[in-house]
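So this block is entry_14.cif, mmCIF, C-alpha atoms:
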data_model
loop_
_atom_site.label_atom_id
_atom_site.label_comp_id
_atom_site.auth_asym_id
_atom_site.auth_seq_id
_atom_site.Cartn_x
_atom_site.Cartn_y
_atom_site.Cartn_z
CA MET S 1 -22.69 53.67 -26.06
CA LYS S 2 -18.93 53.24 -26.16
CA LYS S 3 -17.40 52.26 -22.82
CA PHE S 4 -13.91 53.68 -23.31
CA PHE S 5 -11.91 56.29 -25.25
CA SER S 6 -9.42 54.57 -27.52
CA LEU S 7 -5.95 55.87 -28.41
CA GLY S 8 -3.41 55.19 -31.11
CA ILE S 9 0.04 56.49 -30.16
CA ALA S 10 2.65 57.21 -32.84
CA GLY S 11 6.20 57.73 -31.63
CA LEU S 12 7.75 55.87 -28.70
CA GLY S 13 10.71 58.07 -27.93
CA ASN S 14 11.22 59.56 -24.48
CA VAL S 15 7.97 61.56 -24.56
CA GLY S 16 5.96 58.73 -26.08
CA LEU S 17 7.11 56.25 -23.46
CA ALA S 18 6.49 58.75 -20.66
CA THR S 19 2.97 59.26 -22.01
CA VAL S 20 2.25 55.52 -22.04
CA LYS S 21 3.69 55.18 -18.55
CA LEU S 22 1.59 58.05 -17.19
CA ILE S 23 -1.59 56.57 -18.65
CA GLN S 24 -0.74 53.19 -17.13
CA ASN S 25 0.23 54.52 -13.69
CA ASN S 26 -2.54 57.09 -13.27
CA SER S 27 -5.36 55.25 -15.02
CA ASP S 28 -7.88 55.62 -12.18
CA LEU S 29 -7.29 59.37 -11.81
CA ILE S 30 -7.36 59.87 -15.58
CA GLU S 31 -10.65 58.00 -15.90
CA LYS S 32 -12.16 60.09 -13.12
CA LYS S 33 -11.07 63.33 -14.80
CA ALA S 34 -12.13 62.24 -18.31
CA GLY S 35 -15.43 60.66 -17.25
CA ILE S 36 -14.58 57.56 -19.32
CA PRO S 37 -11.75 54.97 -19.25
CA ILE S 38 -8.79 55.81 -21.50
CA LYS S 39 -7.46 52.80 -23.41
CA ILE S 40 -4.34 52.55 -25.54
CA THR S 41 -5.37 50.33 -28.44
CA ALA S 42 -2.37 50.52 -30.77
CA VAL S 43 1.11 51.99 -30.97
CA SER S 44 3.61 52.63 -33.74
CA ALA S 45 7.30 53.51 -33.92
CA ARG S 46 10.26 52.96 -36.22
CA LYS S 47 11.51 49.79 -34.52
CA ARG S 48 9.34 47.28 -32.73
CA SER S 49 12.35 45.30 -31.50
CA LYS S 50 13.96 48.25 -29.70
CA SER S 51 14.52 47.66 -25.98
CA ARG S 52 12.08 49.73 -23.94
CA LYS S 53 11.54 50.09 -20.20
CA ILE S 54 7.79 49.47 -20.43
CA ASN S 55 5.81 46.62 -21.92
CA ILE S 56 4.19 47.59 -25.22
CA ASP S 57 3.32 44.03 -26.25
CA ILE S 58 -0.10 44.46 -24.64
CA TYR S 59 -1.03 46.88 -27.44
CA ASP S 60 -1.56 46.31 -31.16
CA TRP S 61 1.49 47.19 -33.21
CA GLU S 62 1.32 49.12 -36.47
CA ASN S 63 4.43 49.14 -38.65
CA ASP S 64 2.97 52.05 -40.60
CA ALA S 65 1.81 54.86 -38.33
CA LEU S 66 -0.66 56.01 -41.01
CA ASN S 67 -2.72 52.89 -40.27
CA LEU S 68 -3.70 54.49 -36.97
CA SER S 69 -5.75 57.07 -38.86
CA GLU S 70 -7.61 54.29 -40.71
CA ARG S 71 -8.61 52.16 -37.75
CA LYS S 72 -12.25 52.45 -36.77
CA ASP S 73 -11.49 51.29 -33.22
CA ILE S 74 -9.34 54.36 -32.49
CA ASP S 75 -10.97 57.61 -31.33
CA ALA S 76 -7.85 59.76 -31.03
CA VAL S 77 -4.37 59.70 -32.52
CA VAL S 78 -1.50 60.91 -30.35
CA GLU S 79 1.30 62.13 -32.64
CA LEU S 80 4.68 62.24 -30.87
CA ILE S 81 6.95 61.68 -33.86
CA GLY S 82 7.82 65.32 -34.52
CA GLY S 83 8.82 67.28 -37.60
CA GLU S 84 6.86 69.57 -39.89
CA GLU S 85 6.78 67.18 -42.85
CA GLY S 86 7.01 63.44 -43.44
CA ILE S 87 5.01 60.83 -41.60
CA ALA S 88 4.04 63.16 -38.74
CA ASN S 89 2.43 65.61 -41.14
CA LYS S 90 0.63 62.90 -43.09
CA LEU S 91 -0.65 61.23 -39.92
CA VAL S 92 -2.04 64.43 -38.40
CA MET S 93 -3.75 65.59 -41.60
CA SER S 94 -5.16 62.16 -42.40
CA SER S 95 -6.48 61.64 -38.86
CA LEU S 96 -8.20 65.04 -38.80
CA LYS S 97 -9.79 64.49 -42.21
CA LYS S 98 -11.16 61.16 -41.02
CA GLY S 99 -12.81 62.80 -38.02
CA LYS S 100 -10.42 61.60 -35.33
CA HIS S 101 -9.24 63.72 -32.46
CA VAL S 102 -5.53 64.55 -32.65
CA ILE S 103 -3.22 65.28 -29.74
CA THR S 104 0.28 66.45 -30.60
CA ALA S 105 3.42 68.01 -29.12
CA ASN S 106 4.68 68.95 -32.60
CA LYS S 107 5.62 72.63 -32.55
CA ALA S 108 7.33 72.47 -35.95
CA LEU S 109 4.13 71.22 -37.59
CA LEU S 110 2.02 73.92 -35.97
CA ALA S 111 4.45 76.69 -36.83
CA SER S 112 4.46 75.68 -40.52
CA HIS S 113 0.98 74.25 -41.18
CA SER S 114 -1.48 75.99 -38.83
CA LEU S 115 -3.60 77.38 -41.67
CA GLU S 116 -3.93 73.98 -43.32
CA ILE S 117 -4.93 72.43 -40.00
CA ASN S 118 -7.38 75.27 -39.43
CA THR S 119 -9.01 74.66 -42.83
CA ILE S 120 -9.45 70.95 -42.11
CA LEU S 121 -10.98 71.68 -38.70
CA LEU S 122 -13.55 73.95 -40.34
CA ASN S 123 -14.85 71.01 -42.33
CA THR S 124 -14.70 68.13 -39.84
CA SER S 125 -15.85 67.22 -36.36
CA SER S 126 -12.27 66.51 -35.29
CA GLY S 127 -10.68 67.87 -32.16
CA PHE S 128 -7.13 69.22 -32.19
CA TYR S 129 -5.08 69.58 -28.99
CA PHE S 130 -1.51 70.86 -28.74
CA GLU S 131 -0.79 72.10 -25.22
CA ALA S 132 2.48 70.14 -25.11
CA ALA S 133 3.85 71.95 -28.18
CA VAL S 134 4.93 74.96 -26.11
CA ALA S 135 6.63 75.00 -22.69
CA ALA S 136 5.84 71.36 -21.80
CA ALA S 137 4.06 71.32 -18.42
CA ILE S 138 3.21 75.04 -18.37
CA PRO S 139 -0.43 75.26 -19.57
CA ILE S 140 0.10 78.46 -21.53
CA ILE S 141 -2.02 77.41 -24.54
CA ASN S 142 -5.09 76.98 -22.35
CA VAL S 143 -4.34 80.24 -20.56
CA ILE S 144 -4.34 82.21 -23.83
CA ASN S 145 -7.24 80.32 -25.41
CA THR S 146 -9.58 80.28 -22.43
CA GLY S 147 -8.11 81.68 -19.21
CA ILE S 148 -7.63 85.24 -20.48
CA SER S 149 -9.59 85.05 -23.72
CA SER S 150 -11.50 88.21 -22.74
CA ASN S 151 -8.27 90.21 -22.75
CA GLN S 152 -6.29 91.99 -25.40
CA ILE S 153 -2.78 90.66 -24.84
CA ASN S 154 -0.37 93.58 -24.83
CA TYR S 155 2.82 91.56 -25.00
CA ILE S 156 4.42 88.19 -24.40
CA LYS S 157 7.99 87.92 -23.14
CA ALA S 158 9.39 84.48 -22.49
CA ILE S 159 12.22 82.04 -21.95
CA LEU S 160 11.10 79.13 -24.10
CA ASN S 161 14.13 76.88 -24.64
CA GLY S 162 15.29 74.81 -21.68
CA THR S 163 18.54 73.77 -23.33
CA CYS S 164 19.68 77.34 -23.94
CA ASN S 165 18.59 78.42 -20.49
CA TYR S 166 20.56 75.56 -18.94
CA ILE S 167 23.69 76.43 -20.95
CA LEU S 168 23.54 80.13 -20.05
CA SER S 169 22.88 79.29 -16.39
CA GLU S 170 25.90 76.95 -16.34
CA MET S 171 28.10 79.58 -17.94
CA LYS S 172 27.12 82.07 -15.25
CA GLU S 173 27.19 79.79 -12.22
CA SER S 174 30.29 77.76 -13.11
CA ASN S 175 32.19 80.41 -15.11
CA SER S 176 32.19 77.88 -17.95
CA SER S 177 32.80 78.51 -21.62
CA PHE S 178 29.91 78.05 -24.01
CA ASP S 179 31.46 74.83 -25.35
CA ASP S 180 31.92 73.33 -21.88
CA ALA S 181 28.37 74.20 -20.82
CA LEU S 182 27.03 72.69 -24.06
CA LYS S 183 28.95 69.45 -23.47
CA ARG S 184 27.48 69.26 -19.97
CA ALA S 185 23.98 69.75 -21.39
CA GLN S 186 24.61 66.96 -23.91
CA LYS S 187 25.93 64.65 -21.20
CA ILE S 188 22.75 64.90 -19.12
CA GLY S 189 20.51 64.58 -22.18
CA LEU S 190 19.28 68.18 -22.38
CA ALA S 191 21.05 68.89 -25.68
CA GLU S 192 21.14 66.76 -28.81
CA SER S 193 24.39 65.60 -30.41
CA ASP S 194 23.58 68.19 -33.08
CA PRO S 195 22.32 71.07 -30.90
CA ALA S 196 21.75 73.60 -33.70
CA PHE S 197 17.95 73.49 -33.47
CA ASP S 198 18.16 74.73 -29.88
CA ILE S 199 21.23 76.93 -29.71
CA GLU S 200 20.43 78.79 -32.94
CA GLY S 201 17.02 79.78 -31.54
CA ILE S 202 14.89 77.82 -34.03
CA ASP S 203 13.01 75.85 -31.37
CA ALA S 204 12.19 79.01 -29.43
CA CYS S 205 11.13 80.78 -32.64
CA GLN S 206 8.62 78.05 -33.49
CA LYS S 207 7.14 78.18 -30.00
CA LEU S 208 6.90 81.97 -30.06
CA SER S 209 5.13 81.87 -33.43
CA ILE S 210 2.45 79.58 -31.94
CA LEU S 211 1.88 81.83 -28.93
CA GLY S 212 1.75 84.88 -31.19
CA MET S 213 -0.72 83.16 -33.49
CA LEU S 214 -3.09 82.48 -30.60
CA ALA S 215 -2.60 85.83 -28.89
CA TYR S 216 -3.05 88.02 -31.97
CA GLY S 217 -4.99 85.83 -34.41
CA THR S 218 -2.26 86.03 -36.98
CA LYS S 219 -0.75 83.59 -39.42
CA PRO S 220 2.62 82.25 -38.21
CA GLU S 221 5.48 83.46 -40.37
CA ILE S 222 8.71 81.93 -39.11
CA LYS S 223 10.76 83.64 -41.82
CA ASN S 224 9.65 87.06 -40.54
CA ILE S 225 10.65 86.45 -36.92
CA TYR S 226 14.13 87.77 -36.20
CA THR S 227 16.02 84.84 -34.68
CA GLU S 228 19.49 84.87 -33.14
CA GLY S 229 21.00 82.08 -31.05
CA ILE S 230 23.41 81.97 -28.12
CA LYS S 231 26.59 80.42 -29.56
CA ASN S 232 28.41 83.77 -29.64
CA ILE S 233 27.83 84.49 -25.94
CA SER S 234 31.06 84.21 -23.93
CA ASN S 235 31.62 83.79 -20.22
CA LEU S 236 33.38 87.17 -20.33
CA ASP S 237 30.06 88.73 -21.38
CA MET S 238 28.34 86.89 -18.52
CA ILE S 239 30.85 88.39 -16.07
CA TYR S 240 30.52 91.94 -17.37
CA ALA S 241 26.74 91.67 -17.54
CA GLU S 242 26.59 90.68 -13.89
CA ARG S 243 28.91 93.53 -12.87
CA LEU S 244 26.56 95.91 -14.64
CA GLY S 245 23.51 94.42 -12.89
CA TYR S 246 22.24 92.02 -15.55
CA SER S 247 22.03 88.36 -16.50
CA ILE S 248 21.89 87.04 -20.07
CA LYS S 249 18.95 84.96 -21.33
CA LEU S 250 17.67 83.79 -24.69
CA PHE S 251 14.61 86.00 -24.75
CA CYS S 252 11.45 85.73 -26.86
CA ILE S 253 9.21 88.72 -27.48
CA ALA S 254 5.81 88.97 -29.16
CA ASN S 255 4.17 92.36 -29.29
CA PHE S 256 1.36 93.85 -31.38
CA GLU S 257 1.22 97.60 -31.65
CA ASN S 258 -0.01 100.02 -34.32
CA LYS S 259 -1.05 97.01 -36.42
CA MET S 260 2.57 95.85 -36.55
CA LEU S 261 3.93 92.57 -35.18
CA ASP S 262 7.17 92.78 -33.25
CA PHE S 263 8.31 89.15 -32.88
CA ARG S 264 11.92 88.47 -31.89
CA VAL S 265 14.14 85.72 -30.46
CA HIS S 266 17.63 86.74 -29.34
CA PRO S 267 20.00 86.89 -26.36
CA ALA S 268 19.24 89.78 -24.04
CA LEU S 269 20.54 91.37 -20.89
CA ILE S 270 17.85 91.20 -18.19
CA GLN S 271 18.06 93.13 -14.93
CA LEU S 272 19.26 90.99 -12.03
CA GLY S 273 16.39 92.13 -9.84
CA SER S 274 13.78 90.75 -12.24
CA ILE S 275 12.04 87.39 -11.87
CA ALA S 276 13.31 86.38 -15.31
CA SER S 277 16.94 86.65 -14.22
CA HIS S 278 16.31 83.96 -11.58
CA VAL S 279 14.78 81.45 -14.00
CA ASN S 280 17.71 79.06 -14.23
CA GLY S 281 18.51 75.55 -15.41
CA ALA S 282 16.09 74.00 -17.89
CA LEU S 283 13.09 75.98 -16.62
CA ASN S 284 10.87 77.99 -18.95
CA ALA S 285 9.11 81.22 -18.07
CA ILE S 286 6.35 83.18 -19.76
CA PHE S 287 5.42 86.74 -18.84
CA LEU S 288 2.38 88.27 -20.44
CA THR S 289 0.18 91.27 -19.88
CA GLY S 290 -3.49 91.53 -20.70
CA ASN S 291 -5.34 94.82 -20.71
CA TYR S 292 -7.51 93.61 -17.82
CA SER S 293 -5.62 90.64 -16.39
CA LYS S 294 -2.50 92.84 -16.04
CA LYS S 295 0.81 91.04 -15.52
CA LEU S 296 0.83 87.25 -15.39
CA THR S 297 3.86 85.03 -14.80
CA PHE S 298 4.26 81.31 -15.49
CA ILE S 299 7.39 79.39 -14.54
CA GLY S 300 7.91 75.65 -14.73
CA GLU S 301 9.41 72.64 -16.39
CA GLY S 302 9.50 73.54 -20.05
CA ALA S 303 11.28 70.45 -21.34
CA GLY S 304 11.77 66.77 -20.62
CA PRO S 305 9.69 63.62 -21.10
CA ASP S 306 7.61 63.72 -17.91
CA PRO S 307 6.56 67.41 -18.05
CA THR S 308 5.71 67.07 -21.74
CA ALA S 309 3.78 63.85 -21.14
CA SER S 310 1.83 65.65 -18.42
CA SER S 311 0.48 68.11 -20.99
CA VAL S 312 -0.09 65.38 -23.60
CA VAL S 313 -2.24 63.34 -21.21
CA SER S 314 -4.11 66.44 -20.06
CA ASP S 315 -5.02 67.02 -23.69
CA ILE S 316 -6.10 63.39 -24.01
CA ILE S 317 -8.41 63.91 -21.03
CA ASN S 318 -9.87 67.05 -22.64
CA ALA S 319 -10.34 65.21 -25.93
CA ALA S 320 -12.20 62.43 -24.13
CA LYS S 321 -14.41 64.91 -22.28
CA ASN S 322 -15.21 66.71 -25.54
CA ARG S 323 -15.47 63.56 -27.65
CA ASN S 324 -19.03 64.29 -28.76
CA ASN S 325 -18.42 67.96 -29.48
CA ASN S 326 -16.50 69.70 -32.23
CA GLN S 327 -13.29 71.25 -30.90
CA LYS S 328 -12.94 74.94 -31.72
CA ILE S 329 -10.73 75.77 -34.67
CA LEU S 330 -7.28 77.22 -34.12
CA LEU S 331 -8.25 80.70 -35.26
CA GLU S 332 -11.67 82.25 -35.71
CA ASN S 333 -10.41 85.10 -37.90
CA ILE S 334 -6.99 84.90 -39.47
CA ALA S 335 -5.33 88.26 -39.97
CA GLU S 336 -2.10 89.12 -41.74
CA TYR S 337 -0.09 92.01 -40.36
CA PRO S 338 3.34 93.30 -41.32
CA TYR S 339 6.29 92.39 -39.11
CA LEU S 340 8.46 95.12 -37.63
CA SER S 341 12.04 94.90 -38.87
CA ILE S 342 14.71 94.32 -36.25
CA LYS S 343 16.32 97.48 -37.64
CA GLU S 344 13.45 99.43 -36.07
CA ARG S 345 13.99 97.96 -32.63
CA SER S 346 14.51 100.67 -30.02
CA GLY S 347 16.11 100.10 -26.63
CA PRO S 348 19.41 99.99 -24.74
CA TYR S 349 22.40 97.92 -25.89
CA TYR S 350 25.39 96.23 -24.27
CA ILE S 351 28.56 96.62 -26.36
CA ARG S 352 31.98 95.11 -25.63
CA PHE S 353 35.06 96.18 -27.57
CA LEU S 354 38.51 94.60 -27.32
CA VAL S 355 40.93 97.38 -28.27
CA ASP S 356 44.59 98.37 -28.20
CA ASP S 357 45.64 99.98 -24.94
CA VAL S 358 46.57 103.30 -26.49
CA ARG S 359 45.50 106.87 -25.90
CA GLY S 360 42.41 108.13 -27.71
CA VAL S 361 40.68 104.79 -28.39
CA LEU S 362 37.78 105.38 -26.02
CA ALA S 363 37.36 108.93 -27.29
CA ASN S 364 37.19 107.71 -30.90
CA ILE S 365 34.60 105.06 -30.06
CA THR S 366 32.37 107.35 -27.98
CA SER S 367 32.63 110.07 -30.62
CA CYS S 368 31.41 107.66 -33.31
CA LEU S 369 28.53 106.52 -31.09
CA ASN S 370 27.53 110.12 -30.37
CA GLU S 371 27.62 111.01 -34.06
CA ASN S 372 25.08 108.23 -34.63
CA ASN S 373 22.69 109.45 -31.90
CA ILE S 374 23.80 106.84 -29.36
CA SER S 375 24.19 108.15 -25.82
CA LEU S 376 25.95 106.22 -23.08
CA GLU S 377 24.58 105.17 -19.70
CA SER S 378 27.65 103.43 -18.27
CA ILE S 379 31.21 102.47 -19.25
CA ILE S 380 33.73 99.94 -17.95
CA GLN S 381 37.34 100.04 -19.19
CA GLU S 382 39.98 97.62 -17.95
CA GLY S 383 42.80 95.39 -19.16
CA ASP S 384 42.31 92.06 -17.32
CA ASN S 385 41.71 89.78 -20.29
CA LYS S 386 43.26 86.51 -19.12
CA GLY S 387 46.23 86.55 -21.43
CA GLN S 388 44.61 88.46 -24.28
CA SER S 389 46.30 91.54 -25.67
CA GLY S 390 44.40 94.78 -25.43
CA VAL S 391 41.75 96.03 -23.05
CA ASN S 392 38.00 95.63 -22.87
CA ILE S 393 35.69 98.59 -23.10
CA VAL S 394 32.13 97.72 -22.08
CA ILE S 395 29.25 100.11 -22.65
CA ILE S 396 25.55 100.19 -21.83
CA THR S 397 23.69 102.69 -24.01
CA HIS S 398 20.49 104.59 -23.53
CA ASP S 399 17.58 103.79 -25.85
CA THR S 400 18.56 103.90 -29.50
CA LYS S 401 17.39 102.51 -32.82
CA GLU S 402 19.06 99.34 -34.06
CA TYR S 403 19.83 100.89 -37.44
CA CYS S 404 21.82 103.60 -35.64
CA MET S 405 23.70 100.94 -33.72
CA ASP S 406 24.46 98.98 -36.89
CA LYS S 407 25.79 102.09 -38.62
CA ALA S 408 28.08 102.95 -35.71
CA ILE S 409 29.39 99.41 -35.28
CA ASN S 410 30.15 99.15 -39.00
CA ILE S 411 32.42 102.18 -38.63
CA ILE S 412 34.02 101.16 -35.33
CA ARG S 413 34.86 97.60 -36.41
CA LYS S 414 37.10 99.05 -39.14
CA MET S 415 39.22 101.06 -36.69
CA LYS S 416 42.79 99.73 -36.52
CA THR S 417 42.71 99.88 -32.73
CA VAL S 418 39.71 97.52 -32.51
CA LEU S 419 41.15 93.99 -32.22
CA GLU S 420 38.06 91.79 -32.67
CA GLU S 421 34.45 91.96 -33.76
CA PRO S 422 32.51 94.13 -31.26
CA LYS S 423 30.00 92.18 -29.19
CA VAL S 424 26.51 93.70 -29.22
CA ILE S 425 23.66 92.33 -27.07
CA ARG S 426 20.26 93.95 -26.68
CA VAL S 427 19.03 95.00 -23.24
CA GLU S 428 15.37 94.19 -22.52
CA ASP S 429 13.00 95.32 -19.82
CA ILE S 430 10.73 92.81 -18.11
#
Could you express the structure from this file as structure tokens?
Amino acid sequence: MKKFFSLGIAGLGNVGLATVKLIQNNSDLIEKKAGIPIKITAVSARKRSKSRKINIDIYDWENDALNLSERKDIDAVVELIGGEEGIANKLVMSSLKKGKHVITANKALLASHSLEINTILLNTSSGFYFEAAVAAAIPIINVINTGISSNQINYIKAILNGTCNYILSEMKESNSSFDDALKRAQKIGLAESDPAFDIEGIDACQKLSILGMLAYGTKPEIKNIYTEGIKNISNLDMIYAERLGYSIKLFCIANFENKMLDFRVHPALIQLGSIASHVNGALNAIFLTGNYSKKLTFIGEGAGPDPTASSVVSDIINAAKNRNNNQKILLENIAEYPYLSIKERSGPYYIRFLVDDVRGVLANITSCLNENNISLESIIQEGDNKGQSGVNIVIITHDTKEYCMDKAINIIRKMKTVLEEPKVIRVEDI
């Protein structure tokens, strides 16, 4: 009988090194939880000579990460390279086909290749673990898969990108511009030099697709998820939102109703009195409702090496505990449902217009909104624009269809008295 559970770790970036360090520092506790010693046998990364804060010379080195899937002395491969294609994809697929357990934090791979992984799992005794792919230290995958598996999940609403949440929090708390808040996030290592993946909502979209897949048994379809980032949010919108009783968050929504999937990622105004409005900095939050569990809330560290490593090592422990048993497949029954168009979205909207300070402008705008079945809940009109010409008119609407909003805005933007593109942000209930 084997006396330890052997790992091959691919990828020694921040998360990879934090994972190695956690295994080294908490080895006694990990062994107790797993019921067997956990041993790192081999590691692989792009550069062996790179300076690292921990000693990796005690492990075998593989120049080609794919060799980890071939080694008979490795029970589980830990893939921390990232990316939906390339070496990460090849390593995961090869390892599963050869009967090895796989632990990964690779959300991009899951969002794009879940069905392929599912097919492989049907025909092997491999285990596949991916808790760290969504929300780092928050154990939301296990909650959906096991904790509330007896429930029909009515909806998921979430803040899933720590970088965006940090930027929006900085804009609100420091009255910073988007660009200044982004630079601050880059300086402390929360945002990449090329931040597009985060600020355009792609990262959050991939995570939402995984949660939706598990909650509703449906094939992830990234292209069908409406995704809008935060780069057009201004500190002026943050100020007006707060005056109206809201904060602005990058919000993720997954809902299944009438056999239609409503999956969206976009900025949203959230009521200041809600828990979500107080989730600041790089924290993540997930709010879901089951038909019997009722409302559940999870808030925690959703990014960073240590929180992510925490979930990776927890999955390693589970893989070791289940080493002699076949891990359940991703999806028992895969269903395909149509996605609701964003044009069919119904709810309130925040609209900000910068207009000439002349008589009749407000009347023209409200008349156009009324003609398109858009009624108004509140209006702010004032001229303090920090040197800008014109005045701001800020409106919160009652519930309306997005296609009605689009039609009205297309008319209003062409008015000669409207000085810049109207700003429209959805208002969401939580």
*List the neighbours of Pro267 (chain S) out to 7 Å using only C-alpha atoms; skip same-chain residues closer than 4 positions along the sequence, and give me the result as a VMD selection string.*
chain S and resid 229 to 230 248 to 251 425
*Could you tell me which residues the PyMOL selection byres ((chain S and resi 97) around 12) returns for this structure, as a PyMOL selection string?*
chain S and resi 69-70+90-96+98-102+116-128
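Taking all atoms listed in the file into account, Phe298 (chain S) lies nearest to S:Asn284 out of the set S:Ser341, S:Asn284, S:Asn26, S:Thr400.
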*Please measure the separation of CA of Asn392 (chain S) and CA of Cys252 (chain S), giving the value in Å to one decimal.*
28.6 Å
Near Met238 (chain S), counting only C-alpha atoms, which residues have an atom at most 9 Å away, once you skip same-chain residues fewer than 6 positions from it, shown as a PDB file with C-alpha atoms, keeping the file's coordinate frame?
ATOM      1  CA  LEU S 168      23.540  80.130 -20.050  1.00  0.00           C
ATOM      2  CA  MET S 171      28.100  79.580 -17.940  1.00  0.00           C
ATOM      3  CA  LYS S 172      27.120  82.070 -15.250  1.00  0.00           C
ATOM      4  CA  ASN S 175      32.190  80.410 -15.110  1.00  0.00           C
ATOM      5  CA  TYR S 246      22.240  92.020 -15.550  1.00  0.00           C
ATOM      6  CA  SER S 247      22.030  88.360 -16.500  1.00  0.00           C
ATOM      7  CA  ILE S 248      21.890  87.040 -20.070  1.00  0.00           C
TER       8      ILE S 248
END
*Spell out the residues picked by the PyMOL selection byres ((chain S and resi 365) around 12) here, as an MDAnalysis selection string.*
chainID S and resid 351:355 359:364 366:372 374:376 379 393:395 408:418 422
Serialized selection, C-alpha atoms, as a PDB file, in the frame of the given file:
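Just written: again02.pdb:
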ATOM      1  CA  ILE S 351      28.560  96.620 -26.360  1.00  0.00           C
ATOM      2  CA  ARG S 352      31.980  95.110 -25.630  1.00  0.00           C
ATOM      3  CA  PHE S 353      35.060  96.180 -27.570  1.00  0.00           C
ATOM      4  CA  LEU S 354      38.510  94.600 -27.320  1.00  0.00           C
ATOM      5  CA  VAL S 355      40.930  97.380 -28.270  1.00  0.00           C
ATOM      6  CA  ARG S 359      45.500 106.870 -25.900  1.00  0.00           C
ATOM      7  CA  GLY S 360      42.410 108.130 -27.710  1.00  0.00           C
ATOM      8  CA  VAL S 361      40.680 104.790 -28.390  1.00  0.00           C
ATOM      9  CA  LEU S 362      37.780 105.380 -26.020  1.00  0.00           C
ATOM     10  CA  ALA S 363      37.360 108.930 -27.290  1.00  0.00           C
ATOM     11  CA  ASN S 364      37.190 107.710 -30.900  1.00  0.00           C
ATOM     12  CA  THR S 366      32.370 107.350 -27.980  1.00  0.00           C
ATOM     13  CA  SER S 367      32.630 110.070 -30.620  1.00  0.00           C
ATOM     14  CA  CYS S 368      31.410 107.660 -33.310  1.00  0.00           C
ATOM     15  CA  LEU S 369      28.530 106.520 -31.090  1.00  0.00           C
ATOM     16  CA  ASN S 370      27.530 110.120 -30.370  1.00  0.00           C
ATOM     17  CA  GLU S 371      27.620 111.010 -34.060  1.00  0.00           C
ATOM     18  CA  ASN S 372      25.080 108.230 -34.630  1.00  0.00           C
ATOM     19  CA  ILE S 374      23.800 106.840 -29.360  1.00  0.00           C
ATOM     20  CA  SER S 375      24.190 108.150 -25.820  1.00  0.00           C
ATOM     21  CA  LEU S 376      25.950 106.220 -23.080  1.00  0.00           C
ATOM     22  CA  ILE S 379      31.210 102.470 -19.250  1.00  0.00           C
ATOM     23  CA  ILE S 393      35.690  98.590 -23.100  1.00  0.00           C
ATOM     24  CA  VAL S 394      32.130  97.720 -22.080  1.00  0.00           C
ATOM     25  CA  ILE S 395      29.250 100.110 -22.650  1.00  0.00           C
ATOM     26  CA  ALA S 408      28.080 102.950 -35.710  1.00  0.00           C
ATOM     27  CA  ILE S 409      29.390  99.410 -35.280  1.00  0.00           C
ATOM     28  CA  ASN S 410      30.150  99.150 -39.000  1.00  0.00           C
ATOM     29  CA  ILE S 411      32.420 102.180 -38.630  1.00  0.00           C
ATOM     30  CA  ILE S 412      34.020 101.160 -35.330  1.00  0.00           C
ATOM     31  CA  ARG S 413      34.860  97.600 -36.410  1.00  0.00           C
ATOM     32  CA  LYS S 414      37.100  99.050 -39.140  1.00  0.00           C
ATOM     33  CA  MET S 415      39.220 101.060 -36.690  1.00  0.00           C
ATOM     34  CA  LYS S 416      42.790  99.730 -36.520  1.00  0.00           C
ATOM     35  CA  THR S 417      42.710  99.880 -32.730  1.00  0.00           C
ATOM     36  CA  VAL S 418      39.710  97.520 -32.510  1.00  0.00           C
ATOM     37  CA  PRO S 422      32.510  94.130 -31.260  1.00  0.00           C
TER      38      PRO S 422
END
*Taking the file as shown, what set of residues would the PyMOL selection byres ((chain S and resi 223) around 12) give back, as an NGL selection string?*
:S and (111-112 or 202 or 205-206 or 209 or 219-222 or 224-227 or 263-264 or 339 or 341)
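When only C-alpha atoms are used to compute distances to Phe130 (chain S), the closest of the residues S:Leu236, S:Leu160, S:Leu110, S:Met213 turns out to be S:Leu110.
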*Of the residues S:Asn373, S:Asn324, S:Thr297, S:Asn318, which is the one nearest to Ala34 (chain S), using all atoms listed in the file?*
S:Asn318
